[in-house]
file work-v6.cif (mmCIF, C-alpha atoms)
data_target
#
loop_
_atom_site.label_atom_id
_atom_site.label_comp_id
_atom_site.auth_asym_id
_atom_site.auth_seq_id
_atom_site.Cartn_x
_atom_site.Cartn_y
_atom_site.Cartn_z
CA MET A 1 119.40 -24.84 -90.86
CA ASN A 2 119.28 -28.27 -89.29
CA CYS A 3 119.43 -31.87 -90.44
CA GLU A 4 115.63 -32.27 -90.62
CA GLN A 5 115.38 -29.32 -92.97
CA VAL A 6 118.13 -30.66 -95.21
CA ALA A 7 117.05 -34.34 -95.29
CA PRO A 8 114.23 -33.93 -97.89
CA TYR A 9 116.70 -32.46 -100.39
CA LEU A 10 119.27 -35.25 -100.21
CA PRO A 11 117.64 -37.56 -102.81
CA GLY A 12 117.33 -34.61 -105.20
CA LEU A 13 120.96 -33.70 -104.57
CA ALA A 14 121.98 -37.28 -105.40
CA GLY A 15 119.95 -37.10 -108.61
CA GLY A 16 121.39 -33.70 -109.56
CA GLU A 17 117.92 -32.18 -109.67
CA LEU A 18 118.26 -29.29 -107.21
CA LYS A 19 118.44 -25.70 -108.33
CA ALA A 20 121.95 -24.27 -107.98
CA GLU A 21 120.99 -22.07 -105.06
CA THR A 22 119.34 -24.94 -103.17
CA ALA A 23 122.27 -27.25 -103.89
CA ARG A 24 124.70 -24.65 -102.45
CA TRP A 25 122.49 -24.32 -99.37
CA VAL A 26 122.49 -28.11 -98.85
CA ASP A 27 126.23 -28.38 -99.56
CA SER A 28 126.98 -25.72 -96.96
CA HIS A 29 125.16 -27.84 -94.37
CA LEU A 30 126.88 -31.03 -95.48
CA ALA A 31 130.29 -29.39 -95.09
CA GLY A 32 129.74 -29.18 -91.35
CA CYS A 33 127.58 -32.27 -90.70
CA ALA A 34 129.10 -35.75 -90.86
CA SER A 35 125.80 -37.62 -90.36
CA CYS A 36 124.11 -35.78 -93.26
CA ARG A 37 127.18 -36.43 -95.44
CA THR A 38 126.71 -40.13 -94.64
CA GLU A 39 123.02 -39.89 -95.52
CA ALA A 40 123.83 -38.04 -98.74
CA GLY A 41 126.26 -40.84 -99.60
CA ARG A 42 123.51 -43.39 -99.07
CA HIS A 43 121.21 -41.56 -101.44
CA ARG A 44 123.99 -41.44 -104.02
CA ALA A 45 124.37 -45.21 -103.53
CA ILE A 46 120.60 -45.71 -103.99
CA ALA A 47 120.64 -43.52 -107.13
CA SER A 48 123.62 -45.45 -108.45
CA ALA A 49 121.92 -48.82 -107.80
CA LEU A 50 118.76 -47.58 -109.55
CA GLY A 51 120.93 -46.47 -112.47
CA GLU A 52 122.41 -49.97 -112.53
CA LEU A 53 118.89 -51.36 -112.93
CA SER A 54 118.51 -49.35 -116.15
CA ARG A 55 121.30 -51.41 -117.69
CA ARG A 56 119.45 -54.64 -116.94
CA GLU A 57 116.91 -55.74 -119.46
CA PHE A 58 114.28 -58.34 -118.82
CA GLU A 59 114.05 -60.88 -121.58
CA PRO A 60 110.55 -60.68 -123.02
CA PRO A 61 108.89 -64.00 -123.89
CA ALA A 62 109.91 -65.24 -127.33
CA PHE A 63 106.30 -65.21 -128.55
CA LEU A 64 105.66 -61.55 -127.71
CA VAL A 65 106.34 -59.94 -131.11
CA GLU A 66 104.50 -62.71 -132.95
CA ALA A 67 101.52 -62.48 -130.58
CA VAL A 68 101.37 -58.70 -131.02
CA MET A 69 101.49 -58.97 -134.81
CA ASP A 70 98.80 -61.69 -134.83
CA ARG A 71 96.52 -59.28 -132.98
CA VAL A 72 97.48 -56.39 -135.26
CA HIS A 73 96.72 -58.44 -138.39
CA ALA A 74 93.38 -59.47 -136.86
CA GLU A 75 92.64 -55.77 -136.26
CA ARG A 76 93.47 -54.96 -139.87
CA ARG A 77 91.15 -57.70 -141.14
CA ARG A 78 88.33 -56.44 -138.94
CA ARG A 79 88.74 -52.95 -140.31
CA TYR A 80 88.94 -54.04 -143.94
CA VAL A 81 85.84 -52.96 -145.83
CA PRO A 82 86.02 -53.49 -149.63
CA LEU A 83 84.71 -50.69 -151.80
CA SER A 84 84.65 -52.68 -155.05
CA PRO A 85 82.44 -55.66 -155.96
CA VAL A 86 83.71 -58.83 -154.38
CA LEU A 87 83.65 -62.47 -155.31
CA PRO A 88 81.31 -64.75 -153.31
CA ALA A 89 84.25 -66.42 -151.52
CA GLU A 90 85.71 -63.04 -150.69
CA LEU A 91 82.28 -61.85 -149.54
CA VAL A 92 82.02 -64.84 -147.20
CA ARG A 93 85.44 -64.04 -145.75
CA VAL A 94 84.54 -60.36 -145.26
CA VAL A 95 81.27 -61.33 -143.57
CA GLN A 96 83.11 -63.77 -141.32
CA ASP A 97 85.79 -61.24 -140.42
CA ASN A 98 83.25 -58.46 -139.79
CA ARG A 99 80.56 -60.57 -138.18
CA ASP A 100 80.38 -58.44 -135.01
CA ALA A 101 80.11 -55.19 -136.95
CA ILE A 102 77.46 -56.61 -139.26
CA VAL A 103 75.36 -57.93 -136.38
CA SER A 104 75.63 -54.55 -134.61
CA ALA A 105 74.66 -52.67 -137.78
CA ALA A 106 71.71 -55.00 -138.41
CA GLY A 107 70.53 -54.53 -134.82
CA ALA A 108 70.78 -50.76 -135.14
CA ALA A 109 68.87 -50.86 -138.45
CA LEU A 110 66.06 -52.93 -136.89
CA VAL A 111 65.78 -50.51 -133.98
CA ALA A 112 65.68 -47.56 -136.40
CA ILE A 113 62.97 -49.22 -138.54
CA GLY A 114 60.93 -50.01 -135.40
CA ALA A 115 61.23 -46.44 -134.17
CA ALA A 116 60.20 -45.04 -137.59
CA TYR A 117 57.17 -47.35 -137.70
CA ALA A 118 56.11 -46.36 -134.16
CA LEU A 119 56.47 -42.68 -135.09
CA TRP A 120 54.42 -43.18 -138.25
CA ARG A 121 51.67 -44.90 -136.23
CA ALA A 122 51.67 -42.11 -133.65
CA VAL A 123 51.44 -39.37 -136.29
CA ARG A 124 48.67 -41.23 -138.08
CA SER A 125 46.61 -41.62 -134.90
CA ILE A 126 46.63 -37.88 -134.11
CA ARG A 127 45.95 -36.74 -137.71
CA PRO A 128 42.40 -35.12 -137.87
CA SER A 129 39.89 -37.15 -139.81
CA THR A 130 39.04 -35.76 -143.26
CA GLN A 131 35.76 -37.69 -143.53
CA PRO A 132 32.52 -35.88 -142.56
CA ALA A 133 30.91 -37.02 -139.35
CA ARG A 134 27.90 -39.25 -139.83
CA SER A 135 24.64 -38.02 -138.46
CA MET L 1 114.52 -37.49 -123.09
CA GLY L 2 114.64 -40.68 -121.10
CA GLY L 3 115.32 -44.16 -122.36
CA SER L 4 117.98 -45.14 -124.83
CA LEU L 5 115.85 -45.83 -127.88
CA GLN L 6 116.44 -44.04 -131.16
CA ILE L 7 113.59 -44.72 -133.53
CA ASP L 8 113.81 -43.94 -137.23
CA ARG L 9 111.10 -41.38 -138.00
CA THR L 10 110.52 -42.79 -141.49
CA ILE L 11 109.54 -46.15 -139.96
CA VAL L 12 107.12 -44.40 -137.61
CA GLU L 13 105.61 -42.52 -140.55
CA ALA L 14 105.24 -45.73 -142.61
CA ALA L 15 103.55 -47.47 -139.67
CA ARG L 16 101.29 -44.46 -139.25
CA ARG L 17 100.15 -44.94 -142.85
CA GLY L 18 99.15 -48.52 -142.00
CA ASP L 19 102.29 -50.42 -143.02
CA ALA L 20 102.20 -53.52 -140.80
CA ASP L 21 105.81 -54.48 -141.64
CA ALA L 22 106.99 -51.06 -140.46
CA PHE L 23 104.94 -51.49 -137.31
CA GLU L 24 106.55 -54.89 -136.68
CA THR L 25 109.95 -53.20 -136.94
CA LEU L 26 108.85 -50.68 -134.32
CA VAL L 27 107.66 -53.50 -132.07
CA ARG L 28 110.96 -55.38 -132.45
CA GLU L 29 112.97 -52.24 -131.65
CA THR L 30 110.96 -51.24 -128.59
CA HIS L 31 109.55 -54.41 -127.06
CA ARG L 32 112.47 -55.11 -124.70
CA SER L 33 112.31 -51.67 -123.10
CA VAL L 34 108.52 -51.62 -123.04
CA TYR L 35 108.35 -55.11 -121.58
CA GLY L 36 110.94 -54.16 -118.93
CA LEU L 37 108.98 -51.05 -117.94
CA VAL L 38 105.70 -52.96 -117.73
CA TYR L 39 107.31 -55.81 -115.81
CA ARG L 40 108.82 -53.41 -113.27
CA ILE L 41 105.35 -51.97 -112.61
CA VAL L 42 103.14 -55.08 -112.68
CA GLY L 43 105.73 -57.38 -111.14
CA ASN L 44 105.25 -60.71 -112.87
CA HIS L 45 106.06 -62.06 -116.29
CA ASP L 46 102.63 -63.47 -117.19
CA ASP L 47 100.84 -60.17 -116.59
CA ALA L 48 103.68 -58.21 -118.19
CA ALA L 49 103.36 -60.26 -121.40
CA ASP L 50 99.60 -59.66 -121.55
CA VAL L 51 99.90 -55.95 -120.80
CA ALA L 52 102.74 -55.50 -123.31
CA GLN L 53 100.55 -57.02 -126.04
CA ASP L 54 97.70 -54.68 -125.10
CA VAL L 55 100.12 -51.75 -125.25
CA TYR L 56 101.05 -52.45 -128.86
CA VAL L 57 97.45 -53.05 -129.93
CA ARG L 58 96.53 -49.68 -128.39
CA VAL L 59 99.51 -48.08 -130.14
CA TRP L 60 98.46 -49.61 -133.47
CA ARG L 61 94.88 -48.37 -133.05
CA SER L 62 96.00 -44.84 -132.11
CA LEU L 63 98.93 -44.54 -134.49
CA ARG L 64 97.01 -42.55 -137.10
CA ALA L 65 96.26 -39.94 -134.44
CA PHE L 66 99.92 -39.74 -133.39
CA ARG L 67 101.07 -36.30 -134.52
CA GLY L 68 104.65 -36.55 -133.37
CA ASP L 69 104.31 -33.84 -130.70
CA ALA L 70 106.34 -36.13 -128.45
CA ALA L 71 108.95 -38.65 -129.54
CA PHE L 72 107.44 -41.98 -130.58
CA GLU L 73 109.25 -43.84 -127.80
CA THR L 74 108.00 -41.35 -125.18
CA TRP L 75 104.49 -41.88 -126.46
CA VAL L 76 104.85 -45.68 -126.32
CA TYR L 77 106.21 -45.47 -122.77
CA ARG L 78 103.21 -43.32 -121.85
CA VAL L 79 100.82 -45.91 -123.24
CA ALA L 80 102.78 -48.66 -121.46
CA THR L 81 102.78 -46.86 -118.10
CA ASN L 82 99.05 -46.18 -118.30
CA ALA L 83 98.30 -49.75 -119.37
CA ALA L 84 100.38 -51.20 -116.52
CA LEU L 85 98.81 -48.93 -113.89
CA SER L 86 95.30 -49.58 -115.30
CA HIS L 87 95.99 -53.31 -115.13
CA LEU L 88 96.86 -53.02 -111.43
CA LYS L 89 93.78 -50.83 -110.82
CA ARG L 90 91.54 -53.42 -112.45
CA ARG L 91 93.06 -56.01 -110.15
CA GLY L 92 92.51 -53.65 -107.20
CA ARG L 93 96.22 -53.59 -106.52
CA ALA L 94 97.24 -50.07 -107.50
CA GLY L 95 98.07 -49.08 -103.93
CA GLU L 96 99.75 -52.30 -102.93
CA PRO L 97 103.30 -53.50 -103.03
CA LEU L 98 103.96 -56.67 -104.99
CA GLY L 99 103.01 -59.91 -103.24
CA PRO L 100 105.35 -62.39 -101.54
CA GLY L 101 105.17 -64.81 -104.47
CA GLU L 102 106.26 -62.09 -106.86
CA LEU L 103 109.16 -61.22 -104.61
CA ALA L 104 110.26 -64.79 -104.08
CA ALA L 105 112.56 -64.84 -107.07
CA LEU L 106 114.54 -61.95 -105.67
CA GLU L 107 114.51 -62.82 -101.98
CA ARG L 108 117.92 -63.54 -100.55
CA PRO L 109 119.68 -62.78 -97.27
CA VAL L 110 120.69 -59.15 -96.88
CA ASP L 111 124.44 -58.82 -97.08
CA SER L 112 124.92 -55.16 -96.38
CA SER L 113 128.55 -54.19 -96.38
CA GLY L 114 129.38 -50.60 -95.54
CA GLU L 115 127.45 -48.14 -97.71
CA GLN L 116 127.36 -50.38 -100.76
CA ILE L 117 123.81 -50.89 -102.00
CA THR L 118 123.45 -53.44 -104.72
CA ALA L 119 121.02 -53.28 -107.61
CA GLU L 120 119.32 -56.41 -106.23
CA GLU L 121 118.77 -54.76 -102.85
CA VAL L 122 117.30 -51.60 -104.32
CA ASP L 123 115.21 -53.63 -106.77
CA ARG L 124 113.78 -55.65 -103.89
CA ALA L 125 112.94 -52.45 -101.97
CA LEU L 126 111.46 -50.90 -105.11
CA ARG L 127 109.04 -53.81 -105.42
CA ARG L 128 107.67 -53.04 -101.96
CA LEU L 129 106.47 -49.59 -103.06
CA PRO L 130 102.84 -48.97 -104.08
CA ALA L 131 102.48 -49.17 -107.87
CA ALA L 132 101.98 -45.43 -108.45
CA GLN L 133 105.14 -44.60 -106.45
CA ARG L 134 107.07 -47.45 -108.05
CA ALA L 135 106.14 -46.14 -111.50
CA VAL L 136 107.56 -42.65 -110.94
CA VAL L 137 110.82 -43.97 -109.47
CA VAL L 138 111.20 -46.40 -112.37
CA LEU L 139 110.48 -43.67 -114.93
CA LYS L 140 112.76 -41.09 -113.30
CA ASP L 141 115.63 -43.00 -111.74
CA VAL L 142 115.75 -46.12 -113.91
CA TYR L 143 114.63 -44.81 -117.32
CA GLY L 144 115.80 -41.21 -116.84
CA PHE L 145 112.70 -39.37 -118.01
CA SER L 146 112.25 -35.70 -117.12
CA MET L 147 109.59 -34.58 -114.64
CA GLN L 148 107.62 -33.11 -117.54
CA GLU L 149 107.72 -36.36 -119.51
CA ILE L 150 106.67 -38.37 -116.45
CA ALA L 151 103.79 -35.97 -115.83
CA GLN L 152 102.61 -36.60 -119.41
CA GLN L 153 103.04 -40.35 -119.04
CA VAL L 154 101.11 -40.73 -115.81
CA GLY L 155 98.58 -38.02 -116.67
CA THR L 156 99.21 -35.52 -113.91
CA THR L 157 101.04 -32.27 -113.25
CA GLU L 158 104.78 -31.81 -112.88
CA GLY L 159 104.23 -30.64 -109.30
CA ALA L 160 102.27 -33.76 -108.45
CA VAL L 161 105.06 -35.90 -109.91
CA LYS L 162 107.64 -34.10 -107.75
CA VAL L 163 105.57 -34.75 -104.63
CA ARG L 164 105.00 -38.40 -105.56
CA LEU L 165 108.68 -38.88 -106.35
CA PHE L 166 109.69 -37.30 -103.05
CA ARG L 167 107.39 -39.65 -101.13
CA ALA L 168 108.46 -42.64 -103.20
CA ARG L 169 112.17 -42.03 -102.58
CA ARG L 170 111.55 -41.57 -98.87
CA ARG L 171 109.57 -44.82 -98.83
CA LEU L 172 112.34 -46.53 -100.80
CA ALA L 173 114.91 -45.48 -98.21
CA GLU L 174 112.58 -46.69 -95.45
CA GLU L 175 112.28 -50.07 -97.16
CA LEU L 176 116.06 -50.26 -97.32
CA TYR L 177 116.23 -49.38 -93.61
CA ARG L 178 113.57 -51.98 -92.86
CA GLY L 179 115.43 -54.61 -94.84
CA GLY L 180 118.58 -53.88 -92.84
CA VAL L 181 120.42 -52.74 -95.95
CA ILE L 182 121.17 -49.31 -94.47
CA VAL L 183 120.90 -47.89 -90.97
CA PRO L 184 118.64 -44.86 -90.39
CA MET L 185 120.43 -41.57 -89.82
CA LYS L 186 120.19 -40.03 -86.35
CA ARG L 187 119.10 -36.52 -87.23
CA LYS L 188 120.38 -33.57 -85.31
CA ARG L 189 118.03 -30.72 -84.58
CA ALA L 190 120.80 -28.30 -83.71
CA THR L 191 121.83 -25.86 -86.40
CA SER L 192 125.26 -26.20 -87.89
#
call {"tool": "encode", "arguments": {"input": "work-v6.cif", "output": "structure tokens"}}
result
Amino acid sequence: MNCEQVAPYLPGLAGGELKAETARWVDSHLAGCASCRTEAGRHRAIASALGELSRREFEPPAFLVEAVMDRVHAERRRRYVPLSPVLPAELVRVVQDNRDAIVSAAGAALVAIGAAYALWRAVRSIRPSTQPARS
Amino acid sequence: MGGSLQIDRTIVEAARRGDADAFETLVRETHRSVYGLVYRIVGNHDDAADVAQDVYVRVWRSLRAFRGDAAFETWVYRVATNAALSHLKRRGRAGEPLGPGELAALERPVDSSGEQITAEEVDRALRRLPAAQRAVVVLKDVYGFSMQEIAQQVGTTEGAVKVRLFRARRRLAEELYRGGVIVPMKRKRATS
């Protein structure tokens, strides 16, 4: 084996990810090759520095949790559909909170009514006349 | 499993049933790690804050469908990784390294001494990787996820992750060479 064959395995060796047989094969090369030992050391240093990064946390903005929960509560309100009779004030709030859904449903209902009417007209126009033809 | 979070299953179950207080507890327990992961992928704090919010809204919407096949934290990381990569795709920046402005906060003269590589040096090199490569290095070498978990998180096969990780680590070493942090090895062709 030569250095070029071994080089691709050095990061995996540093991360402890190689199969035992492959690791032995790489180690046997490293035992007799100073430059690859140096390179393997560099990859261990890179792996160690990356591991160091895991211990560093970035401070999230202070508003993050609050902003998330504001959006979650807004989602909950949008999904809320009362099953029992509601007071007028409550009804107004539900309509306001579900305005988009109500507009979409109304649009869909109008389209459905229009389609039904068009179908009825089409069926009516092709129905054979029951009145006798005038002479 | 990667990451260091230990989430109480009863809180997850309560949130799954729609308990917003339980969900807030989950957010408080995970938001530092999630924010850190997103920030490492998208590269700036403003975008990371927006993406992190989107992550939790997606988690809230999908929580009822969460069956617990994977750990909750693994699932959240998966959502976060996908959201961060999607954000970069939308911006047309999935294949690019982070820009000079985003690197400015970390730029400083290279002070390589022997074979010591500092976390700052490797972080700076990491930010020069394309987003997809940066994500797998962050998930594997920073957060310690297994190949299988990373494959689930980025939506590909374990083999594809291995290939991407191999290329990413090679690119990372090249960036360290380029930055003068380490000197390239002179490879011998002769057998030994």
call {"tool": "resolve_selection", "arguments": {"input": "work-v6.cif", "expression": "the PyMOL selection byres ((chain A and resi 72) around 12)", "output": "PDB file with C-alpha atoms, in the coordinates of the input"}}
result
ATOM      1  CA  VAL A  65     106.340 -59.940-131.110  1.00  0.00           C
ATOM      2  CA  GLU A  66     104.500 -62.710-132.950  1.00  0.00           C
ATOM      3  CA  ALA A  67     101.520 -62.480-130.580  1.00  0.00           C
ATOM      4  CA  VAL A  68     101.370 -58.700-131.020  1.00  0.00           C
ATOM      5  CA  MET A  69     101.490 -58.970-134.810  1.00  0.00           C
ATOM      6  CA  ASP A  70      98.800 -61.690-134.830  1.00  0.00           C
ATOM      7  CA  ARG A  71      96.520 -59.280-132.980  1.00  0.00           C
ATOM      8  CA  HIS A  73      96.720 -58.440-138.390  1.00  0.00           C
ATOM      9  CA  ALA A  74      93.380 -59.470-136.860  1.00  0.00           C
ATOM     10  CA  GLU A  75      92.640 -55.770-136.260  1.00  0.00           C
ATOM     11  CA  ARG A  76      93.470 -54.960-139.870  1.00  0.00           C
ATOM     12  CA  ARG A  77      91.150 -57.700-141.140  1.00  0.00           C
ATOM     13  CA  ARG A  78      88.330 -56.440-138.940  1.00  0.00           C
ATOM     14  CA  ARG A  79      88.740 -52.950-140.310  1.00  0.00           C
TER      15      ARG A  79
ATOM     16  CA  ALA L  15     103.550 -47.470-139.670  1.00  0.00           C
ATOM     17  CA  GLY L  18      99.150 -48.520-142.000  1.00  0.00           C
ATOM     18  CA  ASP L  19     102.290 -50.420-143.020  1.00  0.00           C
ATOM     19  CA  ALA L  20     102.200 -53.520-140.800  1.00  0.00           C
ATOM     20  CA  ASP L  21     105.810 -54.480-141.640  1.00  0.00           C
ATOM     21  CA  PHE L  23     104.940 -51.490-137.310  1.00  0.00           C
ATOM     22  CA  GLU L  24     106.550 -54.890-136.680  1.00  0.00           C
ATOM     23  CA  VAL L  27     107.660 -53.500-132.070  1.00  0.00           C
ATOM     24  CA  GLN L  53     100.550 -57.020-126.040  1.00  0.00           C
ATOM     25  CA  ASP L  54      97.700 -54.680-125.100  1.00  0.00           C
ATOM     26  CA  VAL L  55     100.120 -51.750-125.250  1.00  0.00           C
ATOM     27  CA  TYR L  56     101.050 -52.450-128.860  1.00  0.00           C
ATOM     28  CA  VAL L  57      97.450 -53.050-129.930  1.00  0.00           C
ATOM     29  CA  ARG L  58      96.530 -49.680-128.390  1.00  0.00           C
ATOM     30  CA  VAL L  59      99.510 -48.080-130.140  1.00  0.00           C
ATOM     31  CA  TRP L  60      98.460 -49.610-133.470  1.00  0.00           C
ATOM     32  CA  ARG L  61      94.880 -48.370-133.050  1.00  0.00           C
ATOM     33  CA  LEU L  63      98.930 -44.540-134.490  1.00  0.00           C
TER      34      LEU L  63
END
call {"tool": "resolve_selection", "arguments": {"input": "work-v6.cif", "expression": "the PyMOL selection byres ((chain A) within 9 of (chain L))", "output": "PyMOL selection string"}}
result
chain A and resi 1-5+7-9+11-12+15+29+32-33+35-36+38-39+41-43+45-61+64-69+71-73+75-76
call {"tool": "resolve_selection", "arguments": {"input": "work-v6.cif", "expression": "the PyMOL selection byres ((chain L and resi 10) around 12)", "output": "JSON list (two decimals) with C-alpha atoms, in the coordinates of the input"}}
result
[["chain", "number", "residue", "atom", "x", "y", "z"],
["L", 6, "GLN", "CA", 116.44, -44.04, -131.16],
["L", 7, "ILE", "CA", 113.59, -44.72, -133.53],
["L", 8, "ASP", "CA", 113.81, -43.94, -137.23],
["L", 9, "ARG", "CA", 111.10, -41.38, -138.00],
["L", 11, "ILE", "CA", 109.54, -46.15, -139.96],
["L", 12, "VAL", "CA", 107.12, -44.40, -137.61],
["L", 13, "GLU", "CA", 105.61, -42.52, -140.55],
["L", 14, "ALA", "CA", 105.24, -45.73, -142.61],
["L", 15, "ALA", "CA", 103.55, -47.47, -139.67],
["L", 16, "ARG", "CA", 101.29, -44.46, -139.25],
["L", 17, "ARG", "CA", 100.15, -44.94, -142.85],
["L", 19, "ASP", "CA", 102.29, -50.42, -143.02],
["L", 22, "ALA", "CA", 106.99, -51.06, -140.46],
["L", 23, "PHE", "CA", 104.94, -51.49, -137.31],
["L", 25, "THR", "CA", 109.95, -53.20, -136.94],
["L", 26, "LEU", "CA", 108.85, -50.68, -134.32],
["L", 68, "GLY", "CA", 104.65, -36.55, -133.37],
["L", 72, "PHE", "CA", 107.44, -41.98, -130.58]]
call {"tool": "atom_distance", "arguments": {"input": "work-v6.cif", "atom1": "CA of Val42 in chain L", "atom2": "CA of Leu13 in chain A"}}
result
29.0 Å
call {"tool": "residues_around", "arguments": {"input": "work-v6.cif", "residues": "Val154 in chain L", "least_positions_apart": "3", "cutoff": "8 Å", "atoms": "only C-alpha atoms", "output": "ChimeraX atom specification"}}
result
/L:78,81-82,150-151
call {"tool": "decode", "arguments": {"input": "work-v6.cif", "residues": "range 97-120 of chain A", "atoms": "N, CA and C atoms", "output": "mmCIF file, in the first residue's frame"}}
result
data_model
loop_
_atom_site.group_PDB
_atom_site.id
_atom_site.type_symbol
_atom_site.label_atom_id
_atom_site.label_comp_id
_atom_site.auth_asym_id
_atom_site.auth_seq_id
_atom_site.Cartn_x
_atom_site.Cartn_y
_atom_site.Cartn_z
ATOM 1 N N ASP A 97 -60.732 35.010 14.018
ATOM 2 C CA ASP A 97 -59.564 34.126 14.072
ATOM 3 C C ASP A 97 -59.521 33.150 12.904
ATOM 4 N N ASN A 98 -60.704 32.842 12.331
ATOM 5 C CA ASN A 98 -60.752 31.839 11.256
ATOM 6 C C ASN A 98 -61.146 32.463 9.925
ATOM 7 N N ARG A 99 -60.854 33.764 9.807
ATOM 8 C CA ARG A 99 -61.322 34.485 8.624
ATOM 9 C C ARG A 99 -60.864 33.810 7.327
ATOM 10 N N ASP A 100 -59.577 33.441 7.272
ATOM 11 C CA ASP A 100 -59.040 32.831 6.041
ATOM 12 C C ASP A 100 -59.778 31.541 5.698
ATOM 13 N N ALA A 101 -60.001 30.709 6.728
ATOM 14 C CA ALA A 101 -60.668 29.425 6.482
ATOM 15 C C ALA A 101 -62.100 29.646 6.031
ATOM 16 N N ILE A 102 -62.757 30.623 6.636
ATOM 17 C CA ILE A 102 -64.155 30.892 6.283
ATOM 18 C C ILE A 102 -64.256 31.413 4.846
ATOM 19 N N VAL A 103 -63.374 32.323 4.486
ATOM 20 C CA VAL A 103 -63.377 32.855 3.115
ATOM 21 C C VAL A 103 -63.126 31.725 2.119
ATOM 22 N N SER A 104 -62.155 30.854 2.432
ATOM 23 C CA SER A 104 -61.857 29.722 1.528
ATOM 24 C C SER A 104 -63.067 28.809 1.389
ATOM 25 N N ALA A 105 -63.720 28.504 2.530
ATOM 26 C CA ALA A 105 -64.876 27.604 2.506
ATOM 27 C C ALA A 105 -66.019 28.238 1.714
ATOM 28 N N ALA A 106 -66.229 29.542 1.896
ATOM 29 C CA ALA A 106 -67.304 30.228 1.177
ATOM 30 C C ALA A 106 -67.026 30.206 -0.328
ATOM 31 N N GLY A 107 -65.767 30.434 -0.690
ATOM 32 C CA GLY A 107 -65.377 30.390 -2.104
ATOM 33 C C GLY A 107 -65.630 29.015 -2.692
ATOM 34 N N ALA A 108 -65.245 27.993 -1.951
ATOM 35 C CA ALA A 108 -65.436 26.615 -2.426
ATOM 36 C C ALA A 108 -66.915 26.306 -2.579
ATOM 37 N N ALA A 109 -67.734 26.804 -1.624
ATOM 38 C CA ALA A 109 -69.184 26.559 -1.682
ATOM 39 C C ALA A 109 -69.790 27.242 -2.912
ATOM 40 N N LEU A 110 -69.364 28.470 -3.194
ATOM 41 C CA LEU A 110 -69.868 29.183 -4.373
ATOM 42 C C LEU A 110 -69.526 28.435 -5.655
ATOM 43 N N VAL A 111 -68.282 27.966 -5.736
ATOM 44 C CA VAL A 111 -67.853 27.213 -6.919
ATOM 45 C C VAL A 111 -68.704 25.956 -7.072
ATOM 46 N N ALA A 112 -68.945 25.265 -5.953
ATOM 47 C CA ALA A 112 -69.730 24.023 -5.991
ATOM 48 C C ALA A 112 -71.164 24.311 -6.447
ATOM 49 N N ILE A 113 -71.751 25.398 -5.917
ATOM 50 C CA ILE A 113 -73.131 25.758 -6.300
ATOM 51 C C ILE A 113 -73.180 26.100 -7.798
ATOM 52 N N GLY A 114 -72.185 26.856 -8.264
ATOM 53 C CA GLY A 114 -72.118 27.221 -9.681
ATOM 54 C C GLY A 114 -72.006 25.997 -10.560
ATOM 55 N N ALA A 115 -71.165 25.047 -10.145
ATOM 56 C CA ALA A 115 -70.980 23.826 -10.931
ATOM 57 C C ALA A 115 -72.270 23.012 -10.967
ATOM 58 N N ALA A 116 -72.966 22.926 -9.822
ATOM 59 C CA ALA A 116 -74.222 22.168 -9.747
ATOM 60 C C ALA A 116 -75.276 22.801 -10.660
ATOM 61 N N TYR A 117 -75.327 24.133 -10.636
ATOM 62 C CA TYR A 117 -76.311 24.843 -11.478
ATOM 63 C C TYR A 117 -76.015 24.601 -12.959
ATOM 64 N N ALA A 118 -74.730 24.690 -13.341
ATOM 65 C CA ALA A 118 -74.343 24.468 -14.737
ATOM 66 C C ALA A 118 -74.695 23.045 -15.170
ATOM 67 N N LEU A 119 -74.475 22.087 -14.274
ATOM 68 C CA LEU A 119 -74.790 20.691 -14.564
ATOM 69 C C LEU A 119 -76.299 20.516 -14.750
ATOM 70 N N TRP A 120 -77.056 21.144 -13.871
ATOM 71 C CA TRP A 120 -78.521 21.059 -13.952
ATOM 72 C C TRP A 120 -79.015 21.629 -15.278
#
